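Report on the following structure.
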Amino acid sequence: MNRLVKKVLLSISVLGVLAGCSSEEDTIIMAPLPEVQSEFTPSTEWSSSIGDGVGSFFSKLSPVYAYDKLFVASREGEVKAMDPETGKTLWQVDITGEVTARLSGGIAAAYQKLYIGSENGEVIALDVETGEELWRAEVNGEVLAMPVADSSLVMVHTSQGVLTALEQTTGEERWAISTDVPNLTLRGDSAPATVSGGVFWGTANGRLAAALLNVVS
């Protein structure tokens, strides 16, 4: 008999707890979702295109706005400057050399120049006002990431794990730092970043590298 009473009391206790939990849940009232009235409908001011796209190739060619112009490039080697207000072409050049340009790293704008890298292991500098080619430099490896300019240097991180610094006026190599590249790695490189006289870049082996711009030799 005592066992039966204990079982009954235990069942009543459990039901009381469950009822308490149920009542607590009922007291939680969710606030209604606010109605958002800030909708807008975008309109197209103008549109333009260059080249035939990059297809299945690995090319990072984002437009860049600088010096009151919008600059775009195609993988095949066309580079164009446009008026950002009207889309009017201000100048357009083809920087294809002896082989297909295969532009992939860029565009970077600094020192009144545009800097673009290619899978052919080249960095090309153009005048922002005319599109004239100012210099073309060879580097060790494909340039898949955007160059960065600082302290009168243009730095590119190549597929061979080399960070190369070029003189911004001539394209002459000032220094280069090599890092290990694993036998198996994803195709693509990190773009360097500069701050307070230093340059930082991610390496293919998952590490972060750093160097002082004015100390490297």
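Labels used: A, B, ... for chains in the order of the structure tokens, numbers from 1 for residues in each chain, and numbers from 1 for ligands as shown.
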May I have all residues of segment 52-205 of chain A that DSSP, computed from the backbone, assigns to strand (DSSP E), given as a VMD selection string? chain A and resid 60 to 61 64 to 66 69 to 73 78 to 82 89 to 94 103 to 110 113 to 118 122 to 127 133 to 138 148 to 150 153 to 157 162 to 167 173 to 178 193 to 195 198 to 202
Considering only C-alpha atoms, return as JSON, numbers by chain whatever protein or nucleic-acid residues lie within 9 Å of Val143 of chain A, sequence-local ones (same chain, fewer than 2 positions apart) excluded. {"A": [103, 104, 105, 106, 116, 117, 118, 119, 120, 121, 122, 123, 139, 140, 141, 145, 146, 147, 156, 157, 158, 159, 189]}
Would you save the residues of that selection, restricted to N, CA, C and O atoms, as a compact mmCIF listing (two decimals), in the first residue's frame?
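Result saved to part_0.txt:
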```txt
# COMPACT_ATOMS: atom_id res chain seq x y z
N LEU A 103 44.78 39.29 -67.67
CA LEU A 103 44.76 40.14 -66.49
C LEU A 103 43.97 39.47 -65.39
O LEU A 103 42.92 38.88 -65.63
N SER A 104 44.48 39.55 -64.17
CA SER A 104 43.82 38.84 -63.07
C SER A 104 43.91 39.58 -61.75
O SER A 104 43.02 39.47 -60.92
N GLY A 105 44.97 40.29 -61.48
CA GLY A 105 45.14 40.98 -60.21
C GLY A 105 45.01 42.48 -60.36
O GLY A 105 45.83 43.12 -60.98
N GLY A 106 43.98 43.06 -59.81
CA GLY A 106 43.81 44.51 -59.92
C GLY A 106 42.33 44.86 -59.99
O GLY A 106 41.48 44.00 -59.86
N ILE A 116 48.06 46.90 -62.58
CA ILE A 116 47.31 45.69 -62.88
C ILE A 116 48.29 44.54 -63.03
O ILE A 116 49.33 44.67 -63.69
N GLY A 117 47.97 43.39 -62.41
CA GLY A 117 48.81 42.20 -62.54
C GLY A 117 48.20 41.19 -63.48
O GLY A 117 47.00 41.23 -63.78
N SER A 118 49.01 40.26 -63.94
CA SER A 118 48.51 39.26 -64.89
C SER A 118 49.02 37.87 -64.53
O SER A 118 49.98 37.71 -63.78
N GLU A 119 48.37 36.87 -65.11
CA GLU A 119 48.79 35.48 -64.93
C GLU A 119 50.07 35.20 -65.70
O GLU A 119 50.66 34.12 -65.54
N ASN A 120 50.50 36.14 -66.53
CA ASN A 120 51.76 35.99 -67.25
C ASN A 120 52.95 36.43 -66.40
O ASN A 120 54.08 36.47 -66.90
N GLY A 121 52.72 36.76 -65.14
CA GLY A 121 53.81 37.20 -64.27
C GLY A 121 54.26 38.61 -64.57
O GLY A 121 55.46 38.91 -64.48
N GLU A 122 53.32 39.49 -64.91
CA GLU A 122 53.65 40.87 -65.21
C GLU A 122 52.83 41.82 -64.34
O GLU A 122 51.71 41.51 -63.95
N VAL A 123 53.40 42.99 -64.08
CA VAL A 123 52.69 44.10 -63.46
C VAL A 123 52.80 45.27 -64.42
O VAL A 123 53.90 45.62 -64.87
N VAL A 139 57.57 39.64 -62.70
CA VAL A 139 57.74 39.18 -61.32
C VAL A 139 57.71 37.66 -61.30
O VAL A 139 57.33 37.01 -62.28
N ASN A 140 58.10 37.09 -60.16
CA ASN A 140 58.21 35.64 -60.03
C ASN A 140 56.86 35.04 -59.66
O ASN A 140 56.50 34.97 -58.49
N GLY A 141 56.09 34.63 -60.67
CA GLY A 141 54.81 33.97 -60.44
C GLY A 141 53.64 34.77 -60.97
O GLY A 141 53.75 35.94 -61.34
N ALA A 145 46.25 38.42 -57.09
CA ALA A 145 45.64 39.32 -56.11
C ALA A 145 45.96 40.77 -56.47
O ALA A 145 46.92 41.07 -57.19
N MET A 146 45.15 41.68 -55.95
CA MET A 146 45.32 43.10 -56.24
C MET A 146 46.63 43.63 -55.65
O MET A 146 46.97 43.33 -54.51
N PRO A 147 47.38 44.42 -56.42
CA PRO A 147 48.58 45.06 -55.87
C PRO A 147 48.19 46.09 -54.81
O PRO A 147 47.04 46.53 -54.74
N VAL A 156 53.22 43.27 -54.84
CA VAL A 156 52.36 42.21 -55.38
C VAL A 156 52.73 40.89 -54.72
O VAL A 156 53.90 40.60 -54.45
N HIS A 157 51.70 40.08 -54.44
CA HIS A 157 51.88 38.76 -53.86
C HIS A 157 51.61 37.75 -54.96
O HIS A 157 50.50 37.69 -55.48
N THR A 158 52.60 36.94 -55.31
CA THR A 158 52.47 36.06 -56.46
C THR A 158 52.14 34.62 -56.05
O THR A 158 52.23 34.24 -54.88
N SER A 159 51.79 33.82 -57.05
CA SER A 159 51.42 32.42 -56.83
C SER A 159 52.61 31.58 -56.37
O SER A 159 52.42 30.46 -55.89
N ASP A 189 45.58 33.95 -54.11
CA ASP A 189 46.51 34.54 -53.15
C ASP A 189 45.86 35.71 -52.45
O ASP A 189 44.96 36.36 -52.99
```
So that I can see what lies close to segment 72-77 of chain A, please list as a PyMOL selection string the residues with an atom at most 12 Å from it, counting only C-alpha atoms and leaving out residues fewer than 4 positions away in the same chain. chain A and resi 48-66+81-84+87+89-109+114-120+124+126+128+131+144
Point-to-point distance from atom CA of Gly202 of chain A to atom CA of Gly171 of chain A, Å rounded to tenths: 23.4 Å
With only C-alpha atoms as the counted atoms, please give the residues lying no more than 12 Å from Tyr111 of chain A, apart from itself and same-chain residues fewer than 3 positions off, as a VMD selection string. chain A and resid 66 to 67 108 114 to 115 125 to 129 148 to 154 167 to 169
From the DSSP assignment of the backbone, select every residue of segment 22-180 of chain A that is helix (DSSP H, G or I), and format the answer as a tab-separated table (two decimals) with N, CA and C atoms, in the first residue's frame.
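File selection23.tsv, as written:
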```
chain	number	residue	atom	x	y	z
A	22	SER	N	4.47	24.79	-18.06
A	22	SER	CA	3.53	25.21	-19.10
A	22	SER	C	3.03	26.62	-18.84
A	23	SER	N	2.74	26.91	-17.57
A	23	SER	CA	2.23	28.25	-17.26
A	23	SER	C	3.29	29.31	-17.48
A	24	GLU	N	4.60	28.96	-17.20
A	24	GLU	CA	5.68	29.91	-17.43
A	24	GLU	C	5.81	30.24	-18.91
A	25	GLU	N	5.71	29.22	-19.76
A	25	GLU	CA	5.81	29.45	-21.20
A	25	GLU	C	4.68	30.34	-21.68
A	26	ASP	N	3.50	30.17	-21.11
A	26	ASP	CA	2.36	30.97	-21.54
A	26	ASP	C	2.52	32.44	-21.18
A	27	THR	N	3.34	32.73	-20.16
A	27	THR	CA	3.51	34.12	-19.75
A	27	THR	C	4.51	34.87	-20.61
```
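Each of A:Ala209, A:Val162, A:Lys80, A:Met155 was compared to Thr130 of chain A using only C-alpha atoms, and A:Lys80 turns out to be the nearest.
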For Thr44 of chain A, the closest of A:Gly197, A:Lys113, A:Leu212, A:Thr86 counting only C-alpha atoms is A:Thr86
